[in-house]
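Enquirer: Would you mind keeping the following structure in view while I ask a few things?
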Amino acid sequence: MKQLSLTHIIQKPTKKSNGKSPLLLLLHGYGSDENDLFSFAPELPGNYFIISARAPIPMQPYGNAWYAITIDHEGVKSSDNERGIVSRDLIAQFIDEAIIAYDLDPYNVTLLGFSQGTILSYSVALTYPEKVKNVIGLSGYINEAIINLKSNASYAHLNIYNSHGTVDQVIPIDAARKTPPYLKALGIESSLHEFPVGHGVHPTNFYEFKEWLLQKDKM
């Protein structure tokens with residue numbers, strides 16, 4: 001493991017690419033770590049150089065976060081958006097570092113996030129669209145407070161797959177349903193894939209986004 005700005009683990013491609021390998025960057029959710037989504041790695045397309053990054057904020061007694069989430073005495077949840085922006089920019093920096101360190105294709109970067117990792121994936125892709133080709137957003141939503149849209153940027157090249165559980169009690173499905181119209185306003189065609197689960201990934205969901213990624217490889 002090379003010493004870059006984010007602690008991470010890697011899986012090298014099992015299939016050769018024509019040229020440099022594409023990057024698939026996994027971004028875990030609140031309170032988890034780099035080992036969580038890395039369990040997907042053996043089943044993901046073998047042409048990708050897979051990196052699973054650890055969020056920079058350690059939590060007690062275990063796990064990490066991209067930014068703090070607090071709940072007040074009335075049960076109102078709030079996010080530390082300033083720290084979210086710091087993590088957004090740190091991930092963007094890490095992408096550049098990883099491409100150089102592992103000699104990867106800078107024009108074929110996919111972000112795969114879960115929950116808070118999805119929120120950051122959307123934020124990175126929409127703030128730095130030149131760095132990202134595909135986004136797989138699982139059980140997350142758009143947080144406009146940590147996105148810096150650029151007036152002269154083009155977003156139409158971005159391919160975004162987003163899915164959510166219909167009985168998610170952590171992030172309600174209604175929050176996720178706002179994602180496709182938000183993206184459409186930017187010229188990104190996307191639809192929400194709903195599954196009868198809570199805050200997790202249904203097996204059918206996994207095979208669906210895997211097939212989606214395979215199809216994007218052919219484009």
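Scheme for the structure tokens: letters A, B, ... for chains in order shown; per-chain residue numbers from 1; ligand numbers from 1 in order shown.
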Name the residues in contact with A:Ser190 at a cut-off of 8 Å, using only C-alpha atoms, excluding same-chain residues fewer than 3 positions from it; report them as a PDB file with C-alpha atoms, in the first residue's frame.
Expert:
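So the final result, stored in out17.pdb, reads:
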ATOM      1  CA  ASN A 159     -22.936   8.139 -16.126  1.00  0.00           C
ATOM      2  CA  ILE A 160     -24.736   7.775 -12.815  1.00  0.00           C
ATOM      3  CA  TYR A 161     -26.441   4.711 -11.367  1.00  0.00           C
ATOM      4  CA  ASN A 162     -28.327   5.310  -8.123  1.00  0.00           C
ATOM      5  CA  PRO A 180     -32.772  11.995 -10.796  1.00  0.00           C
ATOM      6  CA  LEU A 183     -29.207  15.376 -12.264  1.00  0.00           C
ATOM      7  CA  LYS A 184     -31.544  15.864 -15.236  1.00  0.00           C
TER       8      LYS A 184
END
Enquirer: Contacts of A:Ser121 at 9 Å or less, counting only C-alpha atoms, minus same-chain residues fewer than 3 places along, as a PyMOL selection string?
Expert: chain A and resi 27+88+91+111-114+116-118+124-126+135-137
Enquirer: Could you find all residues in stretch 2-218 of chain A that DSSP calls strand (DSSP E or B) from the backbone, and write them as number ranges by chain?
Expert: A: 8-11, 23-27, 32, 49-53, 57-58, 64-65, 69-71, 77-79, 109-114, 134-138, 159-165, 192-195
Enquirer: One number please: atom CA of A:Pro203 to atom CA of A:Gly165, in Å, one decimal.
Expert: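 Straight-line distance from atom CA of A:Pro203 to atom CA of A:Gly165 works out to 11.8 Å.
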Enquirer: Please report the interatomic distance between atom CA of A:Thr14 and atom CA of A:Asn134 in Å with one decimal.
Expert: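 Here the two named atoms are 20.4 Å from each other.
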Enquirer: May I ask which of the residues A:Leu120, A:Ala41, A:Ala145, A:Val197 is the closest one to A:Gln169, counting only C-alpha atoms?
Expert: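 Closest residue, counting only C-alpha atoms: A:Val197.
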Enquirer: Find the residue from A:Pro61, A:Asn35, A:Leu26, A:Thr110 that sits nearest to A:Asp217; use only C-alpha atoms when measuring.
Expert: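 Between A:Pro61, A:Asn35, A:Leu26, A:Thr110, the residue approaching A:Asp217 most closely is A:Thr110.
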Enquirer: Would you kindly return, as a PyMOL selection string, each protein, DNA or RNA residue with an atom no farther than 10 Å from any atom of A:Glu144, considering only C-alpha atoms and excluding same-chain residues fewer than 4 positions away?
Expert: chain A and resi 81+119+122-123+126+148-149+182
Enquirer: Store the residues picked out above, limited to all heavy atoms, as a PDB file, in the first residue's frame.
Expert:
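Wrote again29.pdb, looks like this:
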ATOM      1  N   ASN A  81     -21.215  20.261   7.113  1.00  0.00           N
ATOM      2  CA  ASN A  81     -20.970  20.450   5.680  1.00  0.00           C
ATOM      3  C   ASN A  81     -19.591  21.029   5.387  1.00  0.00           C
ATOM      4  O   ASN A  81     -19.005  20.737   4.337  1.00  0.00           O
ATOM      5  CB  ASN A  81     -22.056  21.337   5.074  1.00  0.00           C
ATOM      6  CG  ASN A  81     -23.399  20.635   5.012  1.00  0.00           C
ATOM      7  OD1 ASN A  81     -23.463  19.438   4.764  1.00  0.00           O
ATOM      8  ND2 ASN A  81     -24.472  21.372   5.251  1.00  0.00           N
ATOM      9  N   ILE A 119     -22.968  10.194  -0.954  1.00  0.00           N
ATOM     10  CA  ILE A 119     -23.109  11.652  -0.890  1.00  0.00           C
ATOM     11  C   ILE A 119     -21.813  12.323  -1.335  1.00  0.00           C
ATOM     12  O   ILE A 119     -21.829  13.291  -2.105  1.00  0.00           O
ATOM     13  CB  ILE A 119     -23.485  12.088   0.544  1.00  0.00           C
ATOM     14  CG1 ILE A 119     -24.854  11.508   0.933  1.00  0.00           C
ATOM     15  CG2 ILE A 119     -23.499  13.610   0.670  1.00  0.00           C
ATOM     16  CD1 ILE A 119     -25.186  11.634   2.403  1.00  0.00           C
ATOM     17  N   TYR A 122     -21.259  11.816  -5.255  1.00  0.00           N
ATOM     18  CA  TYR A 122     -21.987  12.815  -6.041  1.00  0.00           C
ATOM     19  C   TYR A 122     -21.279  14.172  -5.968  1.00  0.00           C
ATOM     20  O   TYR A 122     -21.145  14.875  -6.973  1.00  0.00           O
ATOM     21  CB  TYR A 122     -23.418  12.977  -5.518  1.00  0.00           C
ATOM     22  CG  TYR A 122     -24.334  11.805  -5.738  1.00  0.00           C
ATOM     23  CD1 TYR A 122     -25.338  11.512  -4.825  1.00  0.00           C
ATOM     24  CD2 TYR A 122     -24.222  10.989  -6.863  1.00  0.00           C
ATOM     25  CE1 TYR A 122     -26.202  10.448  -5.017  1.00  0.00           C
ATOM     26  CE2 TYR A 122     -25.080   9.925  -7.059  1.00  0.00           C
ATOM     27  CZ  TYR A 122     -26.070   9.656  -6.125  1.00  0.00           C
ATOM     28  OH  TYR A 122     -26.923   8.590  -6.326  1.00  0.00           O
ATOM     29  N   SER A 123     -20.838  14.525  -4.762  1.00  0.00           N
ATOM     30  CA  SER A 123     -20.201  15.823  -4.559  1.00  0.00           C
ATOM     31  C   SER A 123     -18.917  15.952  -5.363  1.00  0.00           C
ATOM     32  O   SER A 123     -18.668  16.980  -6.007  1.00  0.00           O
ATOM     33  CB  SER A 123     -19.911  16.020  -3.068  1.00  0.00           C
ATOM     34  OG  SER A 123     -19.262  17.244  -2.843  1.00  0.00           O
ATOM     35  N   LEU A 126     -19.720  16.022  -9.282  1.00  0.00           N
ATOM     36  CA  LEU A 126     -20.370  17.241  -9.770  1.00  0.00           C
ATOM     37  C   LEU A 126     -19.522  18.490  -9.554  1.00  0.00           C
ATOM     38  O   LEU A 126     -19.685  19.480 -10.268  1.00  0.00           O
ATOM     39  CB  LEU A 126     -21.730  17.402  -9.096  1.00  0.00           C
ATOM     40  CG  LEU A 126     -22.737  16.289  -9.438  1.00  0.00           C
ATOM     41  CD1 LEU A 126     -24.029  16.471  -8.645  1.00  0.00           C
ATOM     42  CD2 LEU A 126     -23.030  16.244 -10.930  1.00  0.00           C
ATOM     43  N   ASN A 148     -20.114  22.152  -5.517  1.00  0.00           N
ATOM     44  CA  ASN A 148     -19.792  23.443  -6.117  1.00  0.00           C
ATOM     45  C   ASN A 148     -19.915  23.317  -7.629  1.00  0.00           C
ATOM     46  O   ASN A 148     -18.961  22.939  -8.320  1.00  0.00           O
ATOM     47  CB  ASN A 148     -18.376  23.878  -5.720  1.00  0.00           C
ATOM     48  CG  ASN A 148     -18.010  25.239  -6.297  1.00  0.00           C
ATOM     49  OD1 ASN A 148     -18.881  26.018  -6.693  1.00  0.00           O
ATOM     50  ND2 ASN A 148     -16.722  25.535  -6.358  1.00  0.00           N
ATOM     51  N   LEU A 149     -21.113  23.600  -8.138  1.00  0.00           N
ATOM     52  CA  LEU A 149     -21.341  23.519  -9.573  1.00  0.00           C
ATOM     53  C   LEU A 149     -20.617  24.657 -10.276  1.00  0.00           C
ATOM     54  O   LEU A 149     -20.600  25.786  -9.792  1.00  0.00           O
ATOM     55  CB  LEU A 149     -22.831  23.596  -9.885  1.00  0.00           C
ATOM     56  CG  LEU A 149     -23.706  22.449  -9.348  1.00  0.00           C
ATOM     57  CD1 LEU A 149     -25.173  22.740  -9.638  1.00  0.00           C
ATOM     58  CD2 LEU A 149     -23.288  21.118  -9.960  1.00  0.00           C
ATOM     59  N   TYR A 182     -32.669  16.280 -10.087  1.00  0.00           N
ATOM     60  CA  TYR A 182     -31.534  17.188  -9.880  1.00  0.00           C
ATOM     61  C   TYR A 182     -30.491  16.969 -10.963  1.00  0.00           C
ATOM     62  O   TYR A 182     -29.974  17.922 -11.564  1.00  0.00           O
ATOM     63  CB  TYR A 182     -30.921  16.957  -8.497  1.00  0.00           C
ATOM     64  CG  TYR A 182     -29.730  17.837  -8.187  1.00  0.00           C
ATOM     65  CD1 TYR A 182     -29.901  19.070  -7.564  1.00  0.00           C
ATOM     66  CD2 TYR A 182     -28.439  17.441  -8.518  1.00  0.00           C
ATOM     67  CE1 TYR A 182     -28.806  19.888  -7.275  1.00  0.00           C
ATOM     68  CE2 TYR A 182     -27.348  18.252  -8.245  1.00  0.00           C
ATOM     69  CZ  TYR A 182     -27.539  19.459  -7.618  1.00  0.00           C
ATOM     70  OH  TYR A 182     -26.457  20.271  -7.346  1.00  0.00           O
TER      71      TYR A 182
END
Enquirer: If you run DSSP on this backbone, which residues of stretch 41-210 of chain A come out as alpha helix (DSSP H), and could you give them as an MDAnalysis selection string?
Expert: chainID A and resid 81:101 116:127 173:176 179:184 203:210
Enquirer: Keeping only C-alpha atoms, take the residues you just selected and write them out as an mmCIF file, in the first residue's frame.
Expert:
data_model
loop_
_atom_site.group_PDB
_atom_site.id
_atom_site.type_symbol
_atom_site.label_atom_id
_atom_site.label_comp_id
_atom_site.auth_asym_id
_atom_site.auth_seq_id
_atom_site.Cartn_x
_atom_site.Cartn_y
_atom_site.Cartn_z
ATOM 1 C CA ASN A 81 -20.970 20.450 5.680
ATOM 2 C CA GLU A 82 -17.720 22.382 6.069
ATOM 3 C CA ARG A 83 -15.920 19.145 6.902
ATOM 4 C CA GLY A 84 -17.804 17.467 4.077
ATOM 5 C CA ILE A 85 -16.280 19.957 1.647
ATOM 6 C CA VAL A 86 -12.817 19.202 3.060
ATOM 7 C CA SER A 87 -13.386 15.483 2.493
ATOM 8 C CA ARG A 88 -14.745 16.167 -1.003
ATOM 9 C CA ASP A 89 -11.561 17.962 -1.960
ATOM 10 C CA LEU A 90 -9.413 15.331 -0.256
ATOM 11 C CA ILE A 91 -11.029 12.582 -2.350
ATOM 12 C CA ALA A 92 -10.464 14.626 -5.520
ATOM 13 C CA GLN A 93 -6.807 15.022 -4.550
ATOM 14 C CA PHE A 94 -6.561 11.311 -3.770
ATOM 15 C CA ILE A 95 -7.877 10.423 -7.233
ATOM 16 C CA ASP A 96 -5.026 12.404 -8.805
ATOM 17 C CA GLU A 97 -2.491 10.808 -6.455
ATOM 18 C CA ALA A 98 -3.739 7.284 -7.130
ATOM 19 C CA ILE A 99 -3.683 7.753 -10.909
ATOM 20 C CA ILE A 100 -0.021 8.764 -10.735
ATOM 21 C CA ALA A 101 1.028 6.246 -8.065
ATOM 22 C CA GLN A 116 -22.245 8.920 3.198
ATOM 23 C CA GLY A 117 -19.800 7.584 0.613
ATOM 24 C CA THR A 118 -22.492 8.087 -2.030
ATOM 25 C CA ILE A 119 -23.109 11.652 -0.890
ATOM 26 C CA LEU A 120 -19.383 12.322 -1.291
ATOM 27 C CA SER A 121 -19.295 10.512 -4.655
ATOM 28 C CA TYR A 122 -21.987 12.815 -6.041
ATOM 29 C CA SER A 123 -20.201 15.823 -4.559
ATOM 30 C CA VAL A 124 -16.832 14.925 -6.101
ATOM 31 C CA ALA A 125 -18.292 14.060 -9.509
ATOM 32 C CA LEU A 126 -20.370 17.241 -9.770
ATOM 33 C CA THR A 127 -17.702 19.562 -8.368
ATOM 34 C CA ILE A 173 -36.401 6.964 0.065
ATOM 35 C CA ASP A 174 -37.934 10.411 -0.553
ATOM 36 C CA ALA A 175 -34.468 11.986 -0.240
ATOM 37 C CA ALA A 176 -33.097 9.639 -2.900
ATOM 38 C CA THR A 179 -31.629 12.756 -7.196
ATOM 39 C CA PRO A 180 -32.772 11.995 -10.796
ATOM 40 C CA PRO A 181 -34.518 15.358 -11.365
ATOM 41 C CA TYR A 182 -31.534 17.188 -9.880
ATOM 42 C CA LEU A 183 -29.207 15.376 -12.264
ATOM 43 C CA LYS A 184 -31.544 15.864 -15.236
ATOM 44 C CA PRO A 203 -28.397 -9.006 -3.867
ATOM 45 C CA THR A 204 -30.312 -8.109 -7.023
ATOM 46 C CA ASN A 205 -29.093 -4.544 -6.601
ATOM 47 C CA PHE A 206 -25.483 -5.744 -6.622
ATOM 48 C CA TYR A 207 -25.849 -7.750 -9.820
ATOM 49 C CA GLU A 208 -27.748 -4.898 -11.457
ATOM 50 C CA PHE A 209 -25.103 -2.241 -10.855
ATOM 51 C CA LYS A 210 -22.372 -4.727 -11.806
#
